[in-house]
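J.: Quick one: the structure is below, and I'll ask about it shortly.
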Amino acid sequence: MHNLTLMKLQQASMGAPVHAKALSSAADLGQPGVVAVVAQGASGGWAVLADHPHNEGPSATNSAERYARAAAQSLGLAPESLTWFELDSEGAFDELHLHNGIAGFAPLLEPGAPARSLAALLSRLRRLHGRNLEEDTQATLAGLVRPFLETKKPS
């Protein structure tokens, strides 16, 4: 079982500090900006930095290392103690690798799942951190993707 924490990450500009604020529910995930979902459990921890399609500040991609550090430190963790993923501003999931203050990215690929998809993320989390992901965790991660689906609806 994982302890799931949701937080809003705000950074006014690339050089500005990042402020982390806890979110009370998954319903808050649909707001523009960057959010982090952090899970801690006996089998280790993981985190997703997610850009909203209408984020007005630095993107999760461009400020990944700073957002990751702020999210982890707000929970008393070292960023390196978590397995990191990113949901970019196009709605695709990537692996996020942090090395000496530098962020690196790789497409999230899992056998049997579309590349860079929610299905690929769920498959990876099951493989790394146990077969069963709680339903609320799956629903929270699906909530990260919802704003991208809503922006692609025909008007």
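FYI, nothing fancy with the structure tokens labels: chains A, B, ... in order, residues from 1 per chain, ligands from 1 as they appear.
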Give me the residues within 10 Å of Thr5 (chain A) as a compact mmCIF listing (two decimals) with C-alpha atoms, in the first residue's frame, counting only C-alpha atoms and dropping any in the same chain fewer than 4 places off.

T.:
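As a result, selection-v2.txt now contains:
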# COMPACT_ATOMS: atom_id res chain seq x y z
CA ALA A 22 -0.43 20.21 -0.58
CA LEU A 23 -3.68 19.56 -2.45
CA SER A 24 -6.62 18.21 -0.50
CA SER A 25 -8.13 16.06 -3.25
CA ALA A 26 -7.62 14.67 -6.73
CA ALA A 36 3.19 16.27 -8.34
CA VAL A 37 1.77 12.93 -7.30
CA VAL A 38 4.17 11.23 -4.87
CA ALA A 39 3.70 7.69 -3.58
CA GLN A 40 5.69 6.21 -0.72
CA ALA A 47 6.48 10.36 -8.35
CA ALA A 71 8.30 18.12 -4.14
CA LEU A 75 8.04 15.53 2.18

J.: Name all residues at most 12 Å from region 139-147 of chain A (count only C-alpha atoms; drop same-chain ones fewer than 6 positions away) and give them as a PyMOL selection string.

T.: chain A and resi 4-6+25-39+47-55+85-93+116-122+125+133+153

J.: Could those selected residues go to a file with N, CA and C atoms, as a compact mmCIF listing (two decimals), in the first residue's frame?

T.:
# COMPACT_ATOMS: atom_id res chain seq x y z
N LEU A 4 -0.18 8.25 -0.71
CA LEU A 4 -0.21 9.13 -1.87
C LEU A 4 -0.34 10.58 -1.44
N THR A 5 0.54 11.44 -1.93
CA THR A 5 0.51 12.87 -1.65
C THR A 5 0.36 13.63 -2.96
N LEU A 6 -0.54 14.59 -2.97
CA LEU A 6 -0.75 15.44 -4.15
C LEU A 6 -0.31 16.85 -3.79
N SER A 25 -7.45 17.14 -2.55
CA SER A 25 -8.13 16.06 -3.25
C SER A 25 -7.68 16.00 -4.70
N ALA A 26 -7.96 14.85 -5.32
CA ALA A 26 -7.62 14.67 -6.73
C ALA A 26 -8.40 15.61 -7.63
N ALA A 27 -9.51 16.15 -7.15
CA ALA A 27 -10.31 17.10 -7.94
C ALA A 27 -9.51 18.35 -8.26
N ASP A 28 -8.51 18.68 -7.44
CA ASP A 28 -7.68 19.86 -7.65
C ASP A 28 -6.65 19.67 -8.76
N LEU A 29 -6.50 18.46 -9.28
CA LEU A 29 -5.49 18.18 -10.30
C LEU A 29 -5.77 18.84 -11.64
N GLY A 30 -7.01 19.22 -11.90
CA GLY A 30 -7.37 19.79 -13.18
C GLY A 30 -7.05 21.26 -13.35
N GLN A 31 -6.41 21.88 -12.36
CA GLN A 31 -6.10 23.30 -12.44
C GLN A 31 -4.81 23.52 -13.22
N PRO A 32 -4.72 24.61 -13.99
CA PRO A 32 -3.48 24.90 -14.71
C PRO A 32 -2.29 25.02 -13.77
N GLY A 33 -1.13 24.61 -14.26
CA GLY A 33 0.10 24.66 -13.49
C GLY A 33 0.79 23.31 -13.54
N VAL A 34 1.66 23.07 -12.57
CA VAL A 34 2.37 21.80 -12.45
C VAL A 34 1.95 21.17 -11.14
N VAL A 35 1.65 19.88 -11.17
CA VAL A 35 1.33 19.15 -9.96
C VAL A 35 2.26 17.95 -9.83
N ALA A 36 2.41 17.48 -8.61
CA ALA A 36 3.19 16.27 -8.34
C ALA A 36 2.29 15.28 -7.62
N VAL A 37 2.38 14.03 -8.01
CA VAL A 37 1.77 12.93 -7.30
C VAL A 37 2.94 12.10 -6.79
N VAL A 38 3.05 11.95 -5.48
CA VAL A 38 4.17 11.23 -4.87
C VAL A 38 3.61 10.07 -4.06
N ALA A 39 4.12 8.88 -4.31
CA ALA A 39 3.70 7.69 -3.58
C ALA A 39 4.89 7.12 -2.82
N ALA A 47 7.12 9.06 -8.24
CA ALA A 47 6.48 10.36 -8.35
C ALA A 47 6.26 10.70 -9.82
N VAL A 48 5.20 11.46 -10.06
CA VAL A 48 4.90 11.97 -11.40
C VAL A 48 4.79 13.48 -11.31
N LEU A 49 5.56 14.18 -12.12
CA LEU A 49 5.40 15.63 -12.31
C LEU A 49 4.51 15.80 -13.52
N ALA A 50 3.46 16.57 -13.38
CA ALA A 50 2.50 16.70 -14.47
C ALA A 50 2.27 18.16 -14.84
N ASP A 51 2.44 18.44 -16.11
CA ASP A 51 2.11 19.74 -16.67
C ASP A 51 0.64 19.74 -17.03
N HIS A 52 -0.02 20.84 -16.83
CA HIS A 52 -1.38 21.02 -17.33
C HIS A 52 -1.24 21.62 -18.73
N PRO A 53 -2.15 21.31 -19.66
CA PRO A 53 -1.99 21.87 -21.00
C PRO A 53 -2.06 23.39 -21.06
N HIS A 54 -2.57 24.04 -20.01
CA HIS A 54 -2.64 25.50 -19.99
C HIS A 54 -1.76 26.10 -18.89
N ASN A 55 -0.63 25.46 -18.62
CA ASN A 55 0.31 25.96 -17.63
C ASN A 55 0.94 27.26 -18.12
N PHE A 85 8.68 10.18 -13.00
CA PHE A 85 8.06 10.21 -14.31
C PHE A 85 7.55 11.62 -14.55
N GLU A 86 7.32 11.94 -15.81
CA GLU A 86 6.79 13.26 -16.16
C GLU A 86 5.66 13.10 -17.15
N LEU A 87 4.62 13.88 -16.96
CA LEU A 87 3.55 14.02 -17.95
C LEU A 87 3.76 15.39 -18.58
N ASP A 88 4.17 15.39 -19.85
CA ASP A 88 4.55 16.65 -20.48
C ASP A 88 3.34 17.45 -20.96
N SER A 89 3.59 18.62 -21.49
CA SER A 89 2.51 19.52 -21.89
C SER A 89 1.74 19.03 -23.12
N GLU A 90 2.20 17.96 -23.74
CA GLU A 90 1.49 17.35 -24.87
C GLU A 90 0.65 16.15 -24.42
N GLY A 91 0.76 15.77 -23.14
CA GLY A 91 -0.02 14.65 -22.61
C GLY A 91 0.67 13.30 -22.71
N ALA A 92 2.00 13.28 -22.85
CA ALA A 92 2.76 12.04 -22.96
C ALA A 92 3.61 11.82 -21.71
N PHE A 93 3.71 10.57 -21.27
CA PHE A 93 4.52 10.22 -20.10
C PHE A 93 5.93 9.86 -20.51
N ARG A 116 4.43 5.90 -24.14
CA ARG A 116 4.24 7.18 -23.45
C ARG A 116 2.80 7.39 -22.98
N SER A 117 2.07 6.33 -22.70
CA SER A 117 0.66 6.40 -22.33
C SER A 117 0.44 6.15 -20.84
N LEU A 118 -0.77 6.44 -20.39
CA LEU A 118 -1.16 6.10 -19.02
C LEU A 118 -1.04 4.60 -18.80
N ALA A 119 -1.42 3.81 -19.79
CA ALA A 119 -1.29 2.35 -19.67
C ALA A 119 0.17 1.94 -19.47
N ALA A 120 1.10 2.60 -20.15
CA ALA A 120 2.52 2.31 -19.97
C ALA A 120 2.97 2.68 -18.55
N LEU A 121 2.50 3.80 -18.04
CA LEU A 121 2.86 4.20 -16.68
C LEU A 121 2.32 3.19 -15.67
N LEU A 122 1.06 2.83 -15.77
CA LEU A 122 0.48 1.87 -14.83
C LEU A 122 1.21 0.53 -14.91
N LEU A 125 4.59 0.93 -13.11
CA LEU A 125 4.43 0.99 -11.65
C LEU A 125 4.10 -0.38 -11.08
N LEU A 133 -2.08 -1.97 -7.94
CA LEU A 133 -2.14 -0.55 -7.65
C LEU A 133 -3.55 -0.27 -7.13
N LYS A 153 -11.15 17.66 -27.20
CA LYS A 153 -12.54 17.45 -27.63
C LYS A 153 -12.89 18.46 -28.72

J.: Rank nothing, just name the residue among A:Ala20, A:Met14, A:Asn3, A:Gly41 nearest to Ala68 (chain A), using only C-alpha atoms.

T.: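 Of all the options, A:Ala20 lies closest to Ala68 (chain A).
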
J.: Would you return as a PyMOL selection string the members of region 8-114 of chain A that DSSP assigns to strand (DSSP E) on this structure's backbone?

T.: chain A and resi 8-10+19-22+34-41+44-51+82-87+93-99+102-107

J.: Looking only at helix (DSSP H, G or I) from DSSP on the backbone, list the matching residues of region 108-144 of chain A as a ChimeraX atom specification.

T.: /A:118-129,135-144

J.: Next, write the just-selected residues to a file, as a PDB file, in the first residue's frame, keeping C-alpha atoms as the atom set.

T.:
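Saved to out_31.pdb:
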ATOM      1  CA  LEU A 118      -1.162   6.104 -19.023  1.00  0.00           C
ATOM      2  CA  ALA A 119      -1.293   2.345 -19.673  1.00  0.00           C
ATOM      3  CA  ALA A 120       2.519   2.311 -19.967  1.00  0.00           C
ATOM      4  CA  LEU A 121       2.856   4.203 -16.679  1.00  0.00           C
ATOM      5  CA  LEU A 122       0.482   1.869 -14.835  1.00  0.00           C
ATOM      6  CA  SER A 123       2.301  -1.161 -16.276  1.00  0.00           C
ATOM      7  CA  ARG A 124       5.677   0.206 -15.154  1.00  0.00           C
ATOM      8  CA  LEU A 125       4.429   0.991 -11.650  1.00  0.00           C
ATOM      9  CA  ARG A 126       2.952  -2.506 -11.296  1.00  0.00           C
ATOM     10  CA  ARG A 127       6.208  -4.055 -12.495  1.00  0.00           C
ATOM     11  CA  LEU A 128       8.429  -1.992 -10.198  1.00  0.00           C
ATOM     12  CA  HIS A 129       6.269  -1.576  -7.117  1.00  0.00           C
ATOM     13  CA  GLU A 135      -8.006   1.955  -7.341  1.00  0.00           C
ATOM     14  CA  ASP A 136      -7.624   5.458  -5.879  1.00  0.00           C
ATOM     15  CA  THR A 137      -4.039   5.611  -7.181  1.00  0.00           C
ATOM     16  CA  GLN A 138      -5.172   4.571 -10.657  1.00  0.00           C
ATOM     17  CA  ALA A 139      -8.014   7.115 -10.569  1.00  0.00           C
ATOM     18  CA  THR A 140      -5.638   9.882  -9.430  1.00  0.00           C
ATOM     19  CA  LEU A 141      -3.229   9.140 -12.284  1.00  0.00           C
ATOM     20  CA  ALA A 142      -6.122   9.072 -14.757  1.00  0.00           C
ATOM     21  CA  GLY A 143      -7.096  12.506 -13.395  1.00  0.00           C
ATOM     22  CA  LEU A 144      -3.714  13.844 -14.519  1.00  0.00           C
TER      23      LEU A 144
END

J.: Would you mind telling me which residue in A:Pro107, A:Gly130, A:Pro79, A:Pro58 lies nearest to Ala16 (chain A) when using only C-alpha atoms?

T.: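 Closest residue, counting only C-alpha atoms: A:Pro58.
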